[in-house]
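Asks: One file is attached below, final_6.cif, containing mmCIF, C-alpha atoms.
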```
data_model
#
loop_
_atom_site.label_atom_id
_atom_site.label_comp_id
_atom_site.auth_asym_id
_atom_site.auth_seq_id
_atom_site.Cartn_x
_atom_site.Cartn_y
_atom_site.Cartn_z
CA MET A 860 77.64 49.71 170.49
CA GLY A 861 74.24 51.21 169.90
CA ASP A 862 74.43 51.31 166.11
CA LYS A 863 74.46 48.70 163.39
CA TRP A 864 77.89 49.70 162.06
CA SER A 865 79.61 49.07 165.39
CA VAL A 866 78.03 45.63 165.64
CA LEU A 867 79.21 44.74 162.13
CA VAL A 868 82.75 45.99 162.79
CA VAL A 869 83.00 43.98 166.02
CA MET A 870 81.71 40.88 164.24
CA LEU A 871 84.30 41.26 161.47
CA LEU A 872 87.17 41.98 163.85
CA GLY A 873 86.18 38.93 165.87
CA ASP A 874 87.85 36.89 163.11
CA GLY A 875 91.13 38.79 163.49
CA PRO A 876 92.77 42.12 162.59
CA ARG A 877 91.63 43.85 159.42
CA ARG A 878 92.76 46.82 157.38
CA PHE A 879 90.44 49.77 156.83
CA SER A 880 89.92 48.90 153.17
CA ASP A 881 89.08 45.28 154.06
CA LEU A 882 86.44 46.48 156.52
CA LYS A 883 85.02 48.93 153.98
CA ARG A 884 84.68 46.19 151.35
CA ALA A 885 83.11 43.78 153.84
CA ILE A 886 80.44 46.19 155.13
CA GLU A 887 77.96 46.88 152.38
CA GLY A 888 76.59 50.39 152.37
CA ILE A 889 78.98 52.05 154.82
CA SER A 890 80.67 55.25 153.72
CA GLN A 891 84.33 55.94 154.34
CA ARG A 892 83.41 58.73 156.75
CA MET A 893 80.98 56.54 158.73
CA LEU A 894 83.53 53.72 158.99
CA THR A 895 86.13 56.20 160.22
CA LEU A 896 83.73 57.59 162.85
CA THR A 897 82.69 54.09 163.92
CA LEU A 898 86.28 52.91 164.32
CA ARG A 899 87.21 56.06 166.27
CA GLY A 900 84.25 55.57 168.59
CA LEU A 901 85.12 51.93 169.20
CA GLU A 902 88.74 52.88 169.78
CA ARG A 903 87.70 55.62 172.21
CA ASP A 904 85.56 53.09 174.12
CA GLY A 905 88.55 50.76 174.43
CA LEU A 906 87.05 48.08 172.19
CA VAL A 907 89.28 48.45 169.12
CA ALA A 908 93.04 48.97 168.83
CA ARG A 909 94.57 50.83 165.90
CA THR A 910 98.09 49.73 164.95
CA VAL A 911 100.17 51.75 162.47
CA PHE A 912 103.00 49.90 160.71
CA PRO A 913 105.95 52.04 159.50
CA THR A 914 105.77 51.07 155.84
CA ASN A 915 105.53 53.30 152.81
CA PRO A 916 102.65 54.03 152.62
CA PRO A 917 101.85 53.37 156.29
CA ARG A 918 99.70 50.31 156.92
CA VAL A 919 97.01 50.51 159.59
CA ASP A 920 95.34 47.48 161.13
CA TYR A 921 92.34 47.41 163.44
CA SER A 922 91.79 44.67 165.97
CA LEU A 923 89.67 43.99 169.01
CA THR A 924 91.17 44.71 172.41
CA SER A 925 90.72 42.24 175.26
CA LEU A 926 87.61 44.22 176.24
CA GLY A 927 86.39 44.10 172.65
CA HIS A 928 86.77 40.32 172.60
CA THR A 929 84.27 40.09 175.45
CA LEU A 930 81.66 41.45 173.01
CA ILE A 931 82.03 38.71 170.40
CA GLU A 932 79.60 36.26 171.98
CA PRO A 933 76.83 38.81 172.73
CA VAL A 934 77.20 40.42 169.28
CA ARG A 935 77.03 37.06 167.53
CA ALA A 936 73.93 36.20 169.57
CA LEU A 937 72.37 39.52 168.52
CA GLY A 938 73.27 38.81 164.89
CA ALA A 939 71.72 35.34 165.10
CA TRP A 940 68.56 36.80 166.65
CA ALA A 941 68.32 39.43 163.90
CA ASP A 942 68.79 36.77 161.23
CA GLU A 943 66.13 34.51 162.77
CA ASN A 944 63.65 37.39 162.99
CA ARG A 945 64.48 39.28 159.81
CA PHE A 946 61.17 38.49 158.07
CA GLU A 947 59.09 39.55 161.09
CA ILE A 948 61.16 42.74 161.41
CA GLN A 949 60.69 43.50 157.71
CA ARG A 950 56.94 42.91 158.00
CA ALA A 951 56.76 45.24 161.03
CA ARG A 952 58.68 47.94 159.12
CA GLU A 953 56.33 47.66 156.15
CA ASP A 954 53.27 47.88 158.43
CA PHE A 955 54.74 50.92 160.18
CA ASP A 956 55.56 52.62 156.88
CA ARG A 957 52.01 51.99 155.57
CA ARG A 958 50.45 53.41 158.75
CA THR A 959 52.76 56.41 158.75
CA THR A 960 52.10 57.16 155.09
CA ALA A 961 48.33 56.88 155.64
CA GLU A 962 48.49 59.20 158.66
CA LEU A 963 50.60 61.81 156.86
CA ALA A 964 48.76 61.85 153.53
CA PRO A 965 45.62 63.72 154.68
CA ALA A 966 47.65 66.28 156.65
CA SER A 967 49.90 67.06 153.70
CA SER A 968 46.86 67.42 151.39
CA ARG A 969 45.30 69.95 153.76
CA SER A 970 48.58 71.89 153.99
CA ALA A 971 48.87 72.14 150.21
CA VAL A 972 45.29 73.45 149.92
CA GLY A 973 45.84 75.96 152.73
CA GLU A 974 49.03 77.29 151.13
CA GLY A 975 47.30 77.95 147.81
CA ALA A 976 44.44 79.96 149.34
#
```
Written as structure tokens, that's how I'd like the structure from this file.

Replies:
Amino acid sequence: MGDKWSVLVVMLLGDGPRRFSDLKRAIEGISQRMLTLTLRGLERDGLVARTVFPTNPPRVDYSLTSLGHTLIEPVRALGAWADENRFEIQRAREDFDRRTTAELAPASSRSAVGEGA
């Protein structure tokens, strides 16, 4: 549960079972590989159940287990906190990026000069 994708998957599955393609469409920016790895990790941790239906082609649904359902309230609280603080978080990221860029710029200039000598 330490990554943003897991939190998003749990939030989505809190509304009921979903197919892989539904999850992929609902989570902007996630790759197919990352969604697969996230679902496998959640399944391994006992938070998500994978159900295969014997249709042609096979249909696979993902749902929260009883343990996974215990995460809904904390995850929603985390999501609400992130939403309430999104502007402050963005401002902190921008400040960090500016400081990091300023700290790295002189070092990279010296390296380029040293390489040419």

Asks: Quick one: residues within 9 Å of A:Gly938, all atoms listed in the file, excluding same-chain residues fewer than 4 positions away - as number ranges by chain?

Replies: A: 866-867, 870, 933-934, 942-943

Asks: Could you check how far atom CA of A:Leu906 sits from atom CA of A:Ser922, in Å to one decimal?

Replies: 8.5 Å

Asks: State, in Å with one decimal place, the distance from atom CA of A:Gly875 to atom CA of A:Tyr921.

Replies: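 A separation of 8.7 Å between them.
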
Asks: Find the distance between atom CA of A:Thr897 and atom CA of A:Phe946 and write it in Å to one decimal.

Replies: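 Atom-to-atom, atom CA of A:Thr897 and atom CA of A:Phe946 are spaced 27.2 Å apart.
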
Asks: Residues at most 10 Å from A:Val868, counting only C-alpha atoms, excluding those fewer than 6 positions away in the same chain, as a ChimeraX atom specification?

Replies: /A:860,877,882-883,885-886,894,897-898,901,907,921-923

Asks: Under the rule that all atoms listed in the file are counted, which of A:Gly873, A:Gln949, A:Asp881, A:Trp940 is the nearest residue to A:Leu926?

Replies: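 Going through A:Gly873, A:Gln949, A:Asp881, A:Trp940 one by one, the smallest distance to A:Leu926 is for A:Gly873.
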
Asks: Running the PyMOL selection byres ((chain A and resi 909) around 6) on this model by hand, what would come out? Give it as a PyMOL selection string.

Replies: chain A and resi 908+910+920-921

Asks: Print the selection's residues with C-alpha atoms to a file, as a PDB file, in the frame of the given file.

Replies:
```pdb
ATOM      1  CA  ALA A 908      93.040  48.970 168.830  1.00  0.00           C
ATOM      2  CA  THR A 910      98.090  49.730 164.950  1.00  0.00           C
ATOM      3  CA  ASP A 920      95.340  47.480 161.130  1.00  0.00           C
ATOM      4  CA  TYR A 921      92.340  47.410 163.440  1.00  0.00           C
TER       5      TYR A 921
END
```

Asks: When you get a chance, write out N, CA and C atoms for stretch 928-950 of chain A, as a compact mmCIF listing (two decimals), in the coordinates of the input.

Replies:
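Output (part.txt):
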```txt
# COMPACT_ATOMS: atom_id res chain seq x y z
N HIS A 928 87.00 41.76 172.76
CA HIS A 928 86.77 40.32 172.60
C HIS A 928 85.63 39.82 173.47
N THR A 929 85.38 40.51 174.59
CA THR A 929 84.27 40.09 175.45
C THR A 929 82.92 40.35 174.78
N LEU A 930 82.90 41.14 173.72
CA LEU A 930 81.66 41.45 173.01
C LEU A 930 81.31 40.43 171.92
N ILE A 931 82.25 39.61 171.54
CA ILE A 931 82.03 38.71 170.40
C ILE A 931 80.80 37.83 170.61
N GLU A 932 80.72 37.18 171.74
CA GLU A 932 79.60 36.26 171.98
C GLU A 932 78.25 37.00 172.00
N PRO A 933 78.11 38.10 172.76
CA PRO A 933 76.83 38.81 172.73
C PRO A 933 76.48 39.36 171.35
N VAL A 934 77.47 39.86 170.61
CA VAL A 934 77.20 40.42 169.28
C VAL A 934 76.79 39.31 168.32
N ARG A 935 77.42 38.18 168.40
CA ARG A 935 77.03 37.06 167.53
C ARG A 935 75.62 36.58 167.88
N ALA A 936 75.29 36.58 169.16
CA ALA A 936 73.93 36.20 169.57
C ALA A 936 72.92 37.20 169.02
N LEU A 937 73.25 38.48 169.08
CA LEU A 937 72.37 39.52 168.52
C LEU A 937 72.21 39.34 167.02
N GLY A 938 73.32 39.05 166.33
CA GLY A 938 73.27 38.81 164.89
C GLY A 938 72.41 37.60 164.55
N ALA A 939 72.53 36.54 165.33
CA ALA A 939 71.72 35.34 165.10
C ALA A 939 70.24 35.65 165.32
N TRP A 940 69.94 36.42 166.38
CA TRP A 940 68.56 36.80 166.65
C TRP A 940 68.00 37.62 165.48
N ALA A 941 68.77 38.59 165.01
CA ALA A 941 68.32 39.43 163.90
C ALA A 941 68.08 38.59 162.65
N ASP A 942 68.95 37.63 162.40
CA ASP A 942 68.79 36.77 161.23
C ASP A 942 67.53 35.91 161.36
N GLU A 943 67.30 35.35 162.54
CA GLU A 943 66.13 34.51 162.77
C GLU A 943 64.83 35.29 162.65
N ASN A 944 64.86 36.57 162.96
CA ASN A 944 63.65 37.39 162.99
C ASN A 944 63.56 38.40 161.86
N ARG A 945 64.41 38.27 160.85
CA ARG A 945 64.48 39.28 159.81
C ARG A 945 63.17 39.45 159.05
N PHE A 946 62.43 38.37 158.82
CA PHE A 946 61.17 38.49 158.07
C PHE A 946 60.10 39.21 158.92
N GLU A 947 60.05 38.89 160.20
CA GLU A 947 59.09 39.55 161.09
C GLU A 947 59.44 41.04 161.24
N ILE A 948 60.72 41.34 161.32
CA ILE A 948 61.16 42.74 161.41
C ILE A 948 60.79 43.48 160.14
N GLN A 949 61.04 42.87 158.99
CA GLN A 949 60.69 43.50 157.71
C GLN A 949 59.19 43.75 157.61
N ARG A 950 58.40 42.77 158.03
CA ARG A 950 56.94 42.91 158.00
C ARG A 950 56.50 44.06 158.92
```
